[in-house]
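Data file: input07.cif. Format and content: mmCIF, C-alpha atoms.
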data_structure
loop_
_atom_site.label_atom_id
_atom_site.label_comp_id
_atom_site.auth_asym_id
_atom_site.auth_seq_id
_atom_site.Cartn_x
_atom_site.Cartn_y
_atom_site.Cartn_z
CA MET A 6 113.65 -81.25 36.37
CA LYS A 7 115.52 -82.86 39.28
CA SER A 8 115.68 -81.08 42.60
CA ALA A 9 118.99 -79.51 43.57
CA PHE A 10 121.26 -80.74 46.33
CA ARG A 11 120.49 -77.65 48.39
CA SER A 12 116.86 -78.62 48.70
CA ARG A 13 118.00 -81.67 50.68
CA ALA A 14 120.20 -79.73 53.09
CA HIS A 15 118.22 -80.29 56.28
CA PRO A 16 118.64 -82.64 59.27
CA GLY A 17 115.76 -84.97 58.33
CA PHE A 18 117.44 -85.81 55.05
CA TRP A 19 120.86 -86.30 56.67
CA ALA A 20 119.22 -88.75 59.08
CA PHE A 21 117.81 -90.65 56.11
CA ILE A 22 121.27 -90.82 54.49
CA VAL A 23 122.86 -92.11 57.71
CA HIS A 24 120.10 -94.70 58.08
CA ARG A 25 120.37 -95.88 54.48
CA VAL A 26 124.18 -96.02 54.35
CA SER A 27 124.48 -97.75 57.75
CA GLY A 28 121.83 -100.26 56.64
CA LEU A 29 123.65 -101.06 53.39
CA LEU A 30 127.03 -101.42 55.12
CA LEU A 31 125.53 -103.69 57.79
CA ALA A 32 123.91 -105.78 55.05
CA LEU A 33 127.32 -106.15 53.42
CA PHE A 34 128.83 -107.20 56.74
CA LEU A 35 126.22 -109.87 57.51
CA PRO A 36 127.47 -112.52 55.03
CA LEU A 37 130.97 -112.17 56.54
CA HIS A 38 129.51 -112.53 60.00
CA PHE A 39 127.60 -115.69 59.09
CA TRP A 40 130.60 -117.14 57.30
CA LEU A 41 132.71 -116.63 60.43
CA LEU A 42 130.07 -118.25 62.63
CA SER A 43 129.79 -121.15 60.20
CA GLN A 44 133.46 -121.91 60.82
CA ALA A 45 132.38 -123.20 64.24
CA LEU A 46 130.70 -126.06 62.37
CA HIS A 47 134.15 -127.25 61.29
CA GLY A 48 135.23 -127.62 64.88
CA PRO A 49 136.75 -125.29 67.47
CA ALA A 50 140.16 -125.15 65.78
CA ALA A 51 138.87 -123.52 62.59
CA LEU A 52 136.93 -120.86 64.50
CA ASP A 53 139.77 -120.19 66.94
CA GLY A 54 142.17 -119.83 64.03
CA ILE A 55 140.08 -117.09 62.49
CA LEU A 56 139.39 -115.42 65.82
CA ARG A 57 143.16 -115.27 66.46
CA TRP A 58 143.74 -113.94 62.95
CA VAL A 59 141.26 -111.08 63.43
CA ASP A 60 142.62 -110.19 66.88
CA ARG A 61 144.61 -107.17 65.66
CA PRO A 62 144.18 -103.38 65.89
CA ALA A 63 142.79 -102.86 62.38
CA PHE A 64 139.99 -105.30 63.11
CA LYS A 65 139.31 -103.67 66.49
CA LEU A 66 138.86 -100.38 64.65
CA ALA A 67 136.55 -102.05 62.13
CA GLU A 68 134.65 -103.59 65.03
CA TRP A 69 134.20 -100.14 66.52
CA GLY A 70 132.87 -98.92 63.19
CA LEU A 71 130.44 -101.80 63.18
CA VAL A 72 129.17 -100.89 66.64
CA VAL A 73 128.67 -97.28 65.55
CA LEU A 74 126.80 -98.41 62.41
CA LEU A 75 124.58 -100.70 64.46
CA ALA A 76 123.89 -97.98 67.03
CA ALA A 77 123.12 -95.42 64.31
CA HIS A 78 120.82 -97.80 62.46
CA LEU A 79 119.02 -98.88 65.62
CA ALA A 80 118.60 -95.36 67.02
CA GLY A 81 117.53 -94.06 63.59
CA GLY A 82 115.01 -96.87 63.21
CA VAL A 83 113.52 -96.26 66.66
CA ARG A 84 113.32 -92.55 65.74
CA VAL A 85 111.28 -93.29 62.61
CA LEU A 86 109.00 -95.72 64.46
CA MET A 87 108.36 -93.12 67.18
CA LEU A 88 107.68 -90.41 64.59
CA GLU A 89 105.23 -92.55 62.68
CA PHE A 90 103.49 -94.62 65.31
CA LEU A 91 103.21 -92.29 68.29
CA PRO A 92 100.73 -89.41 68.18
CA TRP A 93 102.26 -86.63 66.10
CA ARG A 94 104.07 -83.79 67.80
CA ASN A 95 106.66 -81.35 66.65
CA TRP A 96 109.69 -83.24 67.88
CA GLN A 97 111.40 -84.41 64.68
CA LYS A 98 114.62 -82.57 65.40
CA ALA A 99 114.61 -83.43 69.13
CA LEU A 100 114.24 -87.14 68.26
CA LEU A 101 117.05 -86.77 65.76
CA ALA A 102 119.32 -85.19 68.36
CA VAL A 103 118.53 -88.00 70.84
CA ALA A 104 119.26 -90.64 68.18
CA ALA A 105 122.56 -88.96 67.33
CA GLY A 106 123.40 -88.72 71.05
CA CYS A 107 122.68 -92.43 71.60
CA THR A 108 124.92 -93.31 68.64
CA ILE A 109 127.79 -91.17 69.91
CA ALA A 110 127.39 -92.55 73.44
CA ALA A 111 127.44 -96.15 72.18
CA GLY A 112 130.51 -95.42 70.03
CA ALA A 113 132.32 -93.71 72.90
CA ALA A 114 131.47 -96.46 75.39
CA PHE A 115 132.78 -99.15 73.03
CA ALA A 116 135.93 -97.14 72.29
CA LEU A 117 136.61 -96.70 76.02
CA ASN A 118 136.17 -100.42 76.50
CA LEU A 119 138.74 -101.12 73.77
CA VAL A 120 141.56 -99.01 75.25
CA MET B 16 122.41 -48.47 42.78
CA THR B 17 122.79 -52.09 43.82
CA THR B 18 121.74 -54.64 41.29
CA LEU B 19 120.92 -58.32 41.47
CA GLN B 20 122.42 -60.89 39.13
CA VAL B 21 119.44 -63.11 38.38
CA SER B 22 119.83 -66.35 36.43
CA VAL B 23 116.46 -67.45 35.10
CA TRP B 24 115.57 -70.74 33.46
CA ARG B 25 114.48 -70.23 29.84
CA GLY B 26 112.86 -72.78 27.59
CA ASP B 27 111.53 -76.25 28.38
CA GLU B 28 113.33 -79.20 30.02
CA ALA B 29 116.18 -78.75 27.55
CA GLY B 30 116.51 -75.05 28.28
CA ALA B 31 119.28 -73.07 29.91
CA LEU B 32 119.85 -70.24 32.37
CA GLN B 33 119.77 -66.65 31.15
CA THR B 34 121.19 -63.87 33.32
CA PHE B 35 119.48 -60.53 33.94
CA GLU B 36 120.63 -57.55 35.93
CA VAL B 37 117.73 -56.38 38.08
CA PRO B 38 117.63 -53.22 40.25
CA ARG B 39 117.57 -53.99 43.96
CA TRP B 40 115.02 -52.17 46.14
CA PRO B 41 113.95 -52.41 49.77
CA SER B 42 111.49 -55.14 50.82
CA GLN B 43 111.80 -56.67 47.35
CA THR B 44 110.32 -60.14 46.95
CA VAL B 45 111.50 -62.77 44.49
CA LEU B 46 108.21 -62.37 42.63
CA ASP B 47 108.94 -58.63 42.32
CA VAL B 48 112.24 -59.57 40.67
CA VAL B 49 110.56 -61.88 38.15
CA THR B 50 107.91 -59.27 37.39
CA ALA B 51 110.59 -56.60 36.90
CA ILE B 52 112.33 -58.83 34.36
CA GLN B 53 109.11 -59.52 32.51
CA ARG B 54 107.97 -55.88 32.44
CA ASP B 55 111.24 -54.08 31.77
CA MET B 56 113.62 -56.54 30.12
CA ASP B 57 111.96 -59.48 28.40
CA PRO B 58 108.18 -59.61 28.00
CA THR B 59 108.40 -63.17 26.69
CA LEU B 60 109.34 -64.54 30.14
CA ALA B 61 106.68 -67.04 31.24
CA TYR B 62 105.77 -67.39 34.93
CA ARG B 63 102.65 -67.70 37.06
CA PHE B 64 101.24 -65.59 39.85
CA ALA B 65 97.86 -64.27 40.91
CA CYS B 66 97.30 -63.04 44.46
CA ARG B 67 100.81 -61.82 45.48
CA VAL B 68 99.91 -62.38 49.14
CA GLY B 69 100.46 -66.11 49.73
CA MET B 70 96.93 -67.36 49.20
CA CYS B 71 96.64 -68.67 45.66
CA GLY B 72 99.62 -71.01 45.51
CA SER B 73 100.56 -70.27 41.91
CA CYS B 74 103.96 -68.54 42.15
CA ALA B 75 106.14 -71.32 43.59
CA MET B 76 109.57 -71.71 41.95
CA THR B 77 112.99 -73.08 42.77
CA VAL B 78 114.95 -70.19 44.27
CA ASN B 79 118.68 -70.82 44.70
CA GLY B 80 118.01 -74.56 44.71
CA VAL B 81 115.11 -74.57 47.18
CA ALA B 82 111.39 -74.62 46.32
CA ARG B 83 109.65 -71.52 47.71
CA TRP B 84 106.55 -69.34 47.32
CA THR B 85 108.13 -66.38 45.60
CA CYS B 86 105.53 -63.74 46.53
CA ARG B 87 106.37 -64.04 50.22
CA THR B 88 110.08 -64.73 49.92
CA HIS B 89 112.17 -61.63 50.43
CA VAL B 90 115.25 -61.24 48.28
CA ALA B 91 117.17 -60.27 51.44
CA LYS B 92 116.48 -63.73 52.85
CA VAL B 93 117.60 -65.83 49.90
CA ALA B 94 120.06 -63.87 47.73
CA ARG B 95 123.71 -64.83 48.10
CA ASP B 96 126.19 -62.13 47.10
CA ASN B 97 123.29 -60.41 45.30
CA ARG B 98 122.75 -63.47 43.14
CA LEU B 99 119.54 -65.38 42.53
CA GLU B 100 118.96 -68.52 40.52
CA LEU B 101 115.35 -69.10 39.51
CA LYS B 102 114.19 -72.39 38.05
CA PRO B 103 110.79 -74.02 37.64
CA LEU B 104 109.64 -76.40 40.38
CA ALA B 105 111.34 -79.80 40.38
CA ASN B 106 109.46 -83.10 39.81
CA LEU B 107 107.03 -81.46 37.38
CA PRO B 108 107.28 -81.24 33.57
CA VAL B 109 108.47 -77.81 32.44
CA ILE B 110 106.16 -76.09 29.96
CA ARG B 111 108.25 -72.97 29.43
CA ASP B 112 110.62 -70.86 31.53
CA LEU B 113 109.28 -70.87 35.12
CA VAL B 114 105.95 -72.50 34.31
CA THR B 115 105.42 -76.18 35.11
CA ASP B 116 102.64 -78.54 34.06
CA MET B 117 100.77 -79.20 37.32
CA ARG B 118 98.11 -81.52 35.91
CA GLU B 119 99.68 -84.67 37.38
CA PHE B 120 100.07 -82.94 40.76
CA PHE B 121 96.34 -82.21 40.94
CA ALA B 122 95.32 -85.52 39.32
CA LYS B 123 96.96 -87.18 42.30
CA TRP B 124 94.66 -85.30 44.68
CA THR B 125 91.76 -86.91 42.82
CA ARG B 126 93.46 -90.32 42.94
CA ALA B 127 93.92 -89.93 46.70
CA GLN B 128 90.13 -89.38 47.06
CA GLY B 129 90.83 -85.80 48.00
CA ARG B 130 87.20 -84.72 47.83
CA LEU B 131 84.50 -84.72 50.47
CA THR B 132 81.85 -87.38 49.92
CA PRO B 133 78.86 -85.94 51.76
CA THR B 134 76.60 -88.09 53.90
CA ARG B 135 73.86 -85.45 54.24
CA THR B 136 71.79 -83.38 51.88
CA ARG B 137 70.78 -79.74 52.13
CA ALA B 138 67.51 -80.92 53.68
CA ASP B 139 69.41 -82.25 56.70
CA ASP B 140 70.48 -80.26 59.70
CA PHE B 141 74.08 -79.03 60.09
CA ALA B 142 76.66 -81.55 61.22
CA ARG B 143 77.65 -80.61 64.77
CA ILE B 144 81.40 -80.94 65.22
CA ALA B 145 83.15 -79.74 68.35
CA PRO B 146 86.04 -77.49 67.26
CA ASP B 147 88.30 -79.03 69.90
CA ALA B 148 87.51 -82.65 68.98
CA PRO B 149 90.84 -84.44 68.33
CA ALA B 150 89.88 -85.48 64.79
CA ARG B 151 88.83 -81.91 63.94
CA ALA B 152 92.09 -80.57 65.36
CA ALA B 153 94.02 -83.05 63.17
CA ALA B 154 92.05 -81.95 60.09
CA ASN B 155 92.55 -78.26 60.92
CA ALA B 156 96.33 -78.78 61.08
CA GLY B 157 96.41 -79.67 57.38
CA ILE B 158 93.48 -77.74 55.96
CA GLU B 159 95.30 -74.50 55.05
CA CYS B 160 97.17 -76.03 52.08
CA ILE B 161 97.23 -73.63 49.12
CA GLY B 162 98.28 -76.27 46.58
CA CYS B 163 101.50 -74.51 45.62
CA GLY B 164 103.43 -77.74 44.95
CA VAL B 165 106.48 -76.80 47.06
CA CYS B 166 106.25 -80.04 49.09
CA TYR B 167 105.80 -82.09 45.90
CA ALA B 168 108.86 -80.48 44.32
CA SER B 169 110.92 -81.04 47.49
CA CYS B 170 109.97 -84.72 47.89
CA ASP B 171 112.62 -87.23 46.83
CA VAL B 172 110.14 -90.10 46.77
CA VAL B 173 108.15 -88.27 44.05
CA GLY B 174 111.40 -88.06 42.07
CA TRP B 175 112.10 -91.77 42.59
CA ARG B 176 108.67 -93.16 41.75
CA PRO B 177 106.53 -90.93 39.57
CA ASP B 178 103.27 -92.63 40.59
CA TYR B 179 103.72 -91.69 44.28
CA LEU B 180 100.76 -89.57 45.31
CA GLY B 181 103.00 -87.07 47.08
CA PRO B 182 102.76 -85.02 50.28
CA ALA B 183 100.03 -82.56 49.24
CA ALA B 184 97.53 -85.17 48.03
CA LEU B 185 98.16 -87.37 51.07
CA ASN B 186 97.82 -84.38 53.41
CA ARG B 187 94.47 -83.64 51.78
CA ALA B 188 93.39 -87.28 52.22
CA TRP B 189 94.37 -87.10 55.90
CA THR B 190 92.20 -84.02 56.50
CA LEU B 191 89.24 -85.96 55.07
CA VAL B 192 90.04 -89.11 57.05
CA ASN B 193 89.47 -86.84 60.05
CA ASP B 194 86.27 -85.32 58.68
CA ALA B 195 83.24 -86.72 60.51
CA ARG B 196 80.94 -85.65 57.63
CA ASP B 197 82.68 -87.80 55.03
CA GLY B 198 81.18 -91.07 53.83
CA ALA B 199 83.99 -92.53 51.72
CA GLN B 200 86.44 -93.55 54.42
CA GLN B 201 87.10 -97.08 53.19
CA GLU B 202 87.62 -96.04 49.56
CA ARG B 203 89.99 -93.31 50.66
CA LEU B 204 92.08 -95.60 52.83
CA ARG B 205 92.28 -98.05 49.94
CA ALA B 206 93.33 -95.26 47.61
CA VAL B 207 96.21 -94.22 49.85
CA ALA B 208 97.25 -97.67 51.15
CA GLY B 209 99.05 -98.94 48.06
CA ASP B 210 102.68 -98.75 47.03
CA ALA B 211 102.08 -95.37 45.41
CA GLY B 212 100.47 -94.11 48.61
CA CYS B 213 101.50 -93.39 52.17
CA GLN B 214 103.61 -96.54 52.59
CA SER B 215 106.16 -95.18 50.13
CA CYS B 216 107.03 -92.20 52.32
CA HIS B 217 110.57 -92.46 53.72
CA THR B 218 110.01 -89.75 56.35
CA HIS B 219 112.72 -87.48 54.93
CA VAL B 220 110.54 -84.65 56.29
CA SER B 221 111.51 -82.45 53.29
CA CYS B 222 107.85 -81.53 52.71
CA THR B 223 107.43 -80.40 56.31
CA GLU B 224 110.73 -78.54 56.15
CA ARG B 225 109.71 -76.58 53.04
CA CYS B 226 105.94 -76.03 53.37
CA PRO B 227 105.41 -72.25 53.31
CA LYS B 228 102.22 -72.64 55.34
CA GLN B 229 104.02 -74.60 58.08
CA ILE B 230 101.83 -77.63 57.45
CA SER B 231 103.40 -81.00 58.18
CA PRO B 232 102.40 -83.42 55.43
CA THR B 233 104.67 -85.93 57.19
CA ALA B 234 102.26 -85.80 60.14
CA GLY B 235 99.34 -86.57 57.84
CA ILE B 236 101.19 -89.37 56.05
CA ALA B 237 102.17 -90.91 59.41
CA GLY B 238 98.51 -90.66 60.43
CA LEU B 239 97.46 -92.40 57.21
CA LYS B 240 100.00 -95.17 57.86
CA ARG B 241 98.48 -95.70 61.31
CA ALA B 242 94.91 -95.58 59.97
CA VAL B 243 95.77 -98.07 57.20
CA ALA B 244 97.52 -100.37 59.71
CA LYS B 245 94.51 -100.22 62.03
CA ALA B 246 92.08 -100.97 59.20
CA ALA B 247 94.23 -103.84 57.94
CA TRP B 248 94.38 -105.26 61.48
CA LYS B 249 90.60 -105.10 61.81
CA GLY B 250 90.14 -106.55 58.32
CA THR B 251 88.19 -103.52 57.10
CA LEU B 252 90.67 -102.27 54.50
#
Can the structure from this file be put into structure tokens for me?
Amino acid sequence: MKSAFRSRAHPGFWAFIVHRVSGLLLALFLPLHFWLLSQALHGPAALDGILRWVDRPAFKLAEWGLVVLLAAHLAGGVRVLMLEFLPWRNWQKALLAVAAGCTIAAGAAFALNLV
Amino acid sequence: MTTLQVSVWRGDEAGALQTFEVPRWPSQTVLDVVTAIQRDMDPTLAYRFACRVGMCGSCAMTVNGVARWTCRTHVAKVARDNRLELKPLANLPVIRDLVTDMREFFAKWTRAQGRLTPTRTRADDFARIAPDAPARAAANAGIECIGCGVCYASCDVVGWRPDYLGPAALNRAWTLVNDARDGAQQERLRAVAGDAGCQSCHTHVSCTERCPKQISPTAGIAGLKRAVAKAAWKGTL
């Protein structure tokens, strides 16, 4: 018998979901990122053309999303490393709150920089 | 008189929920509800219990979607709109109704070298272990496990890969890793170091969240990961 959704309704599991989803989305983004960088190999004109093409609000918003994903994945990863490699203490939820705070701060800072 | 609408799993894996109307009384536990059904409504209902006081670890079930020890779970805490849904523990084969086959659960304790391998005989003196020694404190933190299977049923990794040893067996291994009297340290670390062992844990912390004895198997599994890493670094694994 499979366990019910309700059994997963706790912060540790939400953190896992955020970490997994952000990781998958970042993995999907990486090929695009490398492709864009590879345009520099065809000379400055090709790269500049693409950079001009992506210089529009929708891409800025996507860029913000990317920063939030990166921040969430990084903070979540540091959280897991601290949980597992530092001597154990009862701070799972405190670490989670700090990781969430760092993510929100990074997202807010980048958004402020955009406007 | 207030009554509870109780949906109870009947049959094996291919079974279905059957609803009973059970009288509600003060300080009623979920186990009281199951016993009331079995005694007054349907004597064929299969379930397990023994001690009724949270020591034996045999009465765990899925109550409204969450694995719990039913003898120490008050209806007042878990019922929603006077409704209860009782199913057998997840991640274990269902034998009948609320009874699961726990053989694999306990076989994994054996696979995780969950037994003490003594280094002394009865002719030797007592081992002298300071109660406040860090290793003893780490062992004490996990030693009160009653083997109820709540952590195992709550663990998603167990659901994903059936050979994963699971939180209870790994917690047991961790208490022995910290036992100065044990002489099978290398075998135990090897037993828990593989893909089916501690490295598979994703630190969802579901086991820690649900353990009725407030043990943190996640702490033990993290400790095993560190011990395995240390042994691998030193080349002693």
Residues returned when the PyMOL selection byres ((chain B and resi 49) around 9) runs on this file, as a list of chain:residue names:
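When the PyMOL selection byres ((chain B and resi 49) around 9) is applied to the shown file, the picked residues are B:Val21, B:Val23, B:Thr44, B:Val45, B:Leu46, B:Asp47, B:Val48, B:Thr50, B:Ala51, B:Ile52, B:Gln53, B:Arg54, B:Leu60, B:Tyr62, B:Leu101.
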Give as a ChimeraX atom specification the residues that the PyMOL selection byres ((chain A and resi 100) around 10) matches when applied to the coordinates above.
/A:80-81,83-85,87-88,95-99,101-106
May I have the residues of chain B within 9 Å of chain A, counting all atoms listed in the file, written as an mmCIF file with C-alpha atoms, in the coordinates of the input?
data_model
loop_
_atom_site.group_PDB
_atom_site.id
_atom_site.type_symbol
_atom_site.label_atom_id
_atom_site.label_comp_id
_atom_site.auth_asym_id
_atom_site.auth_seq_id
_atom_site.Cartn_x
_atom_site.Cartn_y
_atom_site.Cartn_z
ATOM 1 C CA GLU B 28 113.330 -79.200 30.020
ATOM 2 C CA THR B 77 112.990 -73.080 42.770
ATOM 3 C CA ASN B 79 118.680 -70.820 44.700
ATOM 4 C CA GLY B 80 118.010 -74.560 44.710
ATOM 5 C CA VAL B 81 115.110 -74.570 47.180
ATOM 6 C CA ALA B 82 111.390 -74.620 46.320
ATOM 7 C CA PRO B 103 110.790 -74.020 37.640
ATOM 8 C CA LEU B 104 109.640 -76.400 40.380
ATOM 9 C CA ALA B 105 111.340 -79.800 40.380
ATOM 10 C CA ASN B 106 109.460 -83.100 39.810
ATOM 11 C CA LEU B 107 107.030 -81.460 37.380
ATOM 12 C CA PRO B 108 107.280 -81.240 33.570
ATOM 13 C CA VAL B 109 108.470 -77.810 32.440
ATOM 14 C CA ALA B 168 108.860 -80.480 44.320
ATOM 15 C CA SER B 169 110.920 -81.040 47.490
ATOM 16 C CA CYS B 170 109.970 -84.720 47.890
ATOM 17 C CA ASP B 171 112.620 -87.230 46.830
ATOM 18 C CA GLY B 174 111.400 -88.060 42.070
ATOM 19 C CA HIS B 217 110.570 -92.460 53.720
ATOM 20 C CA THR B 218 110.010 -89.750 56.350
ATOM 21 C CA HIS B 219 112.720 -87.480 54.930
ATOM 22 C CA VAL B 220 110.540 -84.650 56.290
ATOM 23 C CA SER B 221 111.510 -82.450 53.290
ATOM 24 C CA GLU B 224 110.730 -78.540 56.150
ATOM 25 C CA ARG B 225 109.710 -76.580 53.040
ATOM 26 C CA THR B 233 104.670 -85.930 57.190
ATOM 27 C CA ALA B 234 102.260 -85.800 60.140
ATOM 28 C CA GLY B 235 99.340 -86.570 57.840
ATOM 29 C CA ILE B 236 101.190 -89.370 56.050
ATOM 30 C CA ALA B 237 102.170 -90.910 59.410
ATOM 31 C CA GLY B 238 98.510 -90.660 60.430
ATOM 32 C CA LYS B 240 100.000 -95.170 57.860
ATOM 33 C CA ARG B 241 98.480 -95.700 61.310
#
I'd like the contact shell of stretch 108-116 of chain A - 6 Å cut-off, only C-alpha atoms, skipping same-chain residues fewer than 4 positions apart - returned as a short mmCIF file (atom, residue, chain, number, x, y, z; two decimals) with C-alpha atoms, in the frame of the given file.
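What landed in result.cif:
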data_model
loop_
_atom_site.label_atom_id
_atom_site.label_comp_id
_atom_site.auth_asym_id
_atom_site.auth_seq_id
_atom_site.Cartn_x
_atom_site.Cartn_y
_atom_site.Cartn_z
CA VAL A 73 128.67 -97.28 65.55
CA ALA A 76 123.89 -97.98 67.03
CA ALA A 77 123.12 -95.42 64.31
#
Calculated over all atoms listed in the file, which of the candidates A:Pro36, A:Gly54, A:Pro49, A:Gly28 has the smallest distance to A:Leu79?
A:Gly28
Centre and edges of the stretch 47-62 of chain A box, axis-aligned, 6 Å extra per side, as JSON:
{"center_x": 139.4, "center_y": -115.5, "center_z": 64.4, "size_x": 22.5, "size_y": 36.2, "size_z": 18.2}
Expected selection from the PyMOL selection byres ((chain B and resi 228) around 9), given as a ChimeraX atom specification:
/B:69,159-161,225-227,229-231
Pick out the residues sitting within 9 Å of stretch 213-216 of chain B, and hand them over as a list in words; count all atoms listed in the file, and ignore anything fewer than 5 positions along from it in its own chain.
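Here the qualifying residues turn out to be Val172, Arg176, Tyr179, Leu180, Gly181, Pro182, Leu185, Val207, Ala208, Thr233, Ile236, Ala237, Leu239, Lys240 and Val243 of chain B.
Separating atom CA of B:Ala188 from atom CA of B:Gly129 is a distance of 5.2 Å.
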Atom pair atom CA of B:Cys86 / atom CA of B:Arg63: separation (Å):
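Answer for the atom CA of B:Cys86 to atom CA of B:Arg63 separation: 10.7 Å.
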Env of B:Arg98: 10 Å cut, atoms = only C-alpha atoms, seq-sep filter 6 positions within chain, self excluded. Answer as a count of residues only.
9
Which polymer residues, protein or nucleic acid, are no farther than 12 Å from (85.9, -83.3, 46.5), counting all atoms listed in the file, as a PyMOL selection string?
chain B and resi 121+124-133+184+187-188+190-191+197-199+203
Can you pull out every residue within 12 Å of A:Leu41, counting all atoms listed in the file, but drop anything in the same chain fewer than 6 positions away, and send it as a PyMOL selection string?
chain A and resi 34-35+47+49+51-56+58-59
By how many Å are atom CA of B:Asn186 and atom CA of B:Lys249 apart?
23.5 Å
Nearest to B:Ala153 by atom-to-atom distance, counting only C-alpha atoms, from B:Val165, B:Ala138, B:Met117, B:Ala195:
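Going through B:Val165, B:Ala138, B:Met117, B:Ala195 one by one, the smallest distance to B:Ala153 is for B:Ala195.
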List the neighbours of B:Gly164 out to 8 Å using only C-alpha atoms; skip same-chain residues closer than 2 positions along the sequence, and give me the result as JSON, numbers by chain.
{"B": [72, 75, 104, 120, 162, 166, 167, 168, 183]}
Because some atoms of stretch 216-229 of chain B are absent here, can you restore N, CA and C atoms and send them as a short mmCIF file (atom, residue, chain, number, x, y, z; two decimals), in the coordinates of the input?
data_model
loop_
_atom_site.label_atom_id
_atom_site.label_comp_id
_atom_site.auth_asym_id
_atom_site.auth_seq_id
_atom_site.Cartn_x
_atom_site.Cartn_y
_atom_site.Cartn_z
N CYS B 216 106.34 -93.34 51.70
CA CYS B 216 107.03 -92.20 52.32
C CYS B 216 108.20 -92.69 53.16
N HIS B 217 109.36 -92.08 52.98
CA HIS B 217 110.57 -92.46 53.72
C HIS B 217 110.82 -91.54 54.91
N THR B 218 109.86 -90.67 55.21
CA THR B 218 110.01 -89.75 56.35
C THR B 218 111.32 -88.95 56.26
N HIS B 219 111.59 -88.42 55.06
CA HIS B 219 112.72 -87.48 54.93
C HIS B 219 112.38 -86.15 55.59
N VAL B 220 111.08 -85.89 55.72
CA VAL B 220 110.54 -84.65 56.29
C VAL B 220 110.85 -83.41 55.43
N SER B 221 111.24 -83.61 54.16
CA SER B 221 111.51 -82.45 53.29
C SER B 221 110.26 -81.61 53.08
N CYS B 222 109.10 -82.26 52.94
CA CYS B 222 107.85 -81.53 52.71
C CYS B 222 107.55 -80.61 53.89
N THR B 223 107.70 -81.18 55.09
CA THR B 223 107.43 -80.40 56.31
C THR B 223 108.43 -79.26 56.44
N GLU B 224 109.67 -79.55 56.07
CA GLU B 224 110.73 -78.54 56.15
C GLU B 224 110.43 -77.35 55.24
N ARG B 225 109.84 -77.62 54.05
CA ARG B 225 109.71 -76.58 53.04
C ARG B 225 108.33 -75.95 52.96
N CYS B 226 107.30 -76.56 53.54
CA CYS B 226 105.94 -76.03 53.37
C CYS B 226 105.87 -74.58 53.82
N PRO B 227 105.46 -73.66 52.93
CA PRO B 227 105.41 -72.25 53.31
C PRO B 227 104.30 -71.96 54.30
N LYS B 228 103.33 -72.85 54.41
CA LYS B 228 102.22 -72.64 55.34
C LYS B 228 102.45 -73.37 56.68
N GLN B 229 103.66 -73.87 56.85
CA GLN B 229 104.02 -74.60 58.08
C GLN B 229 103.08 -75.79 58.37
#
